[in-house]
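**Student:** Structure incoming, see below.
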Amino acid sequence: MQELESVCAATLERVRTHYSPTVFDLWFGDLVLLSLDEGRAVFKINSDFKQSIIQNKYTGVLSDALREVIGFEVEVDIISTEKNEGISVPTFTREPQSLVSKEKRTELLEEEPNIGADIESKKIFSQYTFDNFVVGDSNKFAHAACIAVARNPATSYNPLFIYGQSGLGKTHLLYAITNEIKNTMPDVHIIYKGGADFTNELIQAIQTGRTKQFRDYYRRADVLLIDDIQFIAGKESTQEEFFHTFNALHDADKQIILTSDRPPRDIRTLEERLRTRFEWGLIADVQPPSIELRTAIILKKAEELGIVIPEDAVTFLSQKLKNSIRTIEGAIKKISAVSMLTSTPITLELCKEAISPILSSSKSENDTIDKIFELISERYGVSEEDIRSKKRNDNIAKARHLCIYLIRHLTELSLSDIGKLFSRDHATVIASTKYVKGQIESVPGMESEVNELISTLQM
């Protein structure tokens, strides 16, 4: 019971970062984790109405948050105890909820995360610091550059551009910078955004006639951090707006920090004027960890989780988990969860069994994604660039829906990670998946068409 409470608390703390306090309290305030195994998590709520809303609207973000906590993805189900109070549930003490009037509930039903929320209203997890960032040859230069910027914003390197593959610690470094500045210079105004968030907010500002407020908001930052800046590439209006925001902040001696999965010169469809500005300051790369660094990360993560991994298992894990720090951390979380859920001591055999799905999926997922884009592009006459774009032509939209559906069906990527492939959020992935399922059920021949695509990809 105590373990379920801990997992639930950590999961909901991550969900909290996506929504305003009122929305969080309304939909998640009474949510309790009832059971958890390697394939399924069951949450309970005390209202049929809330159960329906959470199940249909919020399971994506709940699933992603739970995966971050336990290290592997499980199916999430929500049950209601409104008409069955006899269901046995673990007791879980929670802070009092905000009171919400009945009149407000309809409005809140469609409310999304705050647009334009700055760092004061965005949760930056305090555990991500420079002290617990494990340093090795593959990341020590980027680590040192981030410390220099955090201690002397806009005086050391401006902009600071950090690049590397997904899962190597770039976001940890951004969080560490934010926490360091907030601790030492609390009056500094920080804005932290994802590249996709910046794009989506601009689109909304244009649609609602609030572009002036959008510009004013970003240009009053003392420190601007943009994670995954590559997502603005190819988007003419977004690049135009970011170009002027960049100039305004840089001319005012404000710090700009950017991350990407590749260096500026390799970001296709990025305007040359932005590319040159990204190269004005310091470019630091983060490489896959060496075996020594992988070992250190395994031991550090095990220590944080309060578990002991035998030496032979540490050696095995450090040899098998090669490319991603995020994968290593997820594997250690899963080992801890499997040991806890099965009441089994951590041994080499348990570690091998726990990470076998991680090893098999991570090896083939990138190839599978590439094959999906290639097949859909060829079959429907739509370029990969258009599939990933914001274009809504019928043929492009269909190709995009199918890509998202197939990636969801054939890989273990989370909803958020799939969304990132298309510069979108988890809600788009859910919508596309539902759309294709609806087409399969209602359009003659669609089921055969999808099955043929899956068969081709699995050959």
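FYI, nothing fancy with the structure tokens labels: chains A, B, ... in order, residues from 1 per chain, ligands from 1 as they appear.
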Just want the 8 Å neighbourhood of Ser47 in chain A, counted on only C-alpha atoms, with same-chain residues fewer than 5 positions away dropped. Output as a list in words.
**Tutor:** Ser80, Thr81 and Glu82 of chain A
**Student:** Please write the residues from the selection above to a file, keeping N, CA, C and O atoms, as a PDB file, in the first residue's frame.
**Tutor:**
ATOM      1  N   SER A  80     -14.784   3.996 -11.410  1.00  0.00           N
ATOM      2  CA  SER A  80     -15.537   4.867 -10.507  1.00  0.00           C
ATOM      3  C   SER A  80     -16.087   4.057  -9.340  1.00  0.00           C
ATOM      4  O   SER A  80     -16.550   2.924  -9.515  1.00  0.00           O
ATOM      5  N   THR A  81     -16.034   4.638  -8.146  1.00  0.00           N
ATOM      6  CA  THR A  81     -16.608   3.988  -6.964  1.00  0.00           C
ATOM      7  C   THR A  81     -17.891   4.680  -6.522  1.00  0.00           C
ATOM      8  O   THR A  81     -18.369   4.443  -5.416  1.00  0.00           O
ATOM      9  N   GLU A  82     -18.457   5.524  -7.397  1.00  0.00           N
ATOM     10  CA  GLU A  82     -19.648   6.271  -7.005  1.00  0.00           C
ATOM     11  C   GLU A  82     -20.800   5.333  -6.625  1.00  0.00           C
ATOM     12  O   GLU A  82     -21.527   5.578  -5.658  1.00  0.00           O
TER      13      GLU A  82
END
**Student:** Need the shell around Gln51 in chain A: protein/DNA/RNA residues with any atom at most 7 Å away, counting only C-alpha atoms. Skip same-chain ones fewer than 5 positions apart. Format as a list in words?
**Tutor:**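 Everything that qualifies: Ile45, Ile78, Ile79 and Ser80 of chain A.
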**Student:** How many Å separate CA of Ala354 in chain A from CA of Ala302 in chain A?
**Tutor:**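 Distance reported for this atom pair: 14.8 Å.
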**Student:** Which of these residues is nearest to Gln255 in chain A, using only C-alpha atoms: A:Leu225, A:Ile307, A:Leu421, A:Ile440?
**Tutor:**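 Of all the options, A:Leu225 lies closest to Gln255 in chain A.
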**Student:** Give me, as a list in words, all polymer residues having an atom no more than 9 Å from range 377-382 of chain A, counting only C-alpha atoms and skipping those fewer than 4 positions away in the same chain.
**Tutor:**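 Residues meeting the cut-off are Ile372, Phe373, Asp386, Ile387, Asn395, Ile396, Lys398 and Ala399 of chain A.
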**Student:** Please measure the separation of CA of Ile369 in chain A and CA of Cys403 in chain A, giving the value in Å to one decimal.
**Tutor:**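 Computing it gives 8.6 Å between the two atoms.
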**Student:** Pick from A:Leu168, A:Leu174, A:Leu4, A:Leu26: nearest to Val69 in chain A, with only C-alpha atoms counted?
**Tutor:**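 The closest residue to Val69 in chain A is A:Leu4.
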**Student:** Mind checking which residues fall within 6 Å of range 429-437 of chain A, counting only C-alpha atoms, ignoring those fewer than 3 positions away in the same chain, and posting them as a list in words?
**Tutor:**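 The filter keeps His401, Tyr405, His426 and Ile440 of chain A.
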**Student:** Figure out the distance between CA of Phe246 in chain A and CA of Ala284 in chain A, please, to one decimal in Å.
**Tutor:**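 Atom-to-atom, CA of Ala284 in chain A and CA of Phe246 in chain A are spaced 19.0 Å apart.
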**Student:** Pull the helix (DSSP H, G or I) assignments for range 301-452 of chain A out of DSSP run on the backbone, and list those residues as a ChimeraX atom specification.
**Tutor:** /A:301-305,311-320,325-342,348-380,384-388,394-410,415-421,426-442,446-452
**Student:** Check the smallest atom-to-atom distance from each of A:Thr199, A:Ser416, A:Ser138, A:Gln439 to Gly169 in chain A using only C-alpha atoms, then report the winner.
**Tutor:**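 With only C-alpha atoms as the atom set, the closest residue is A:Ser138.
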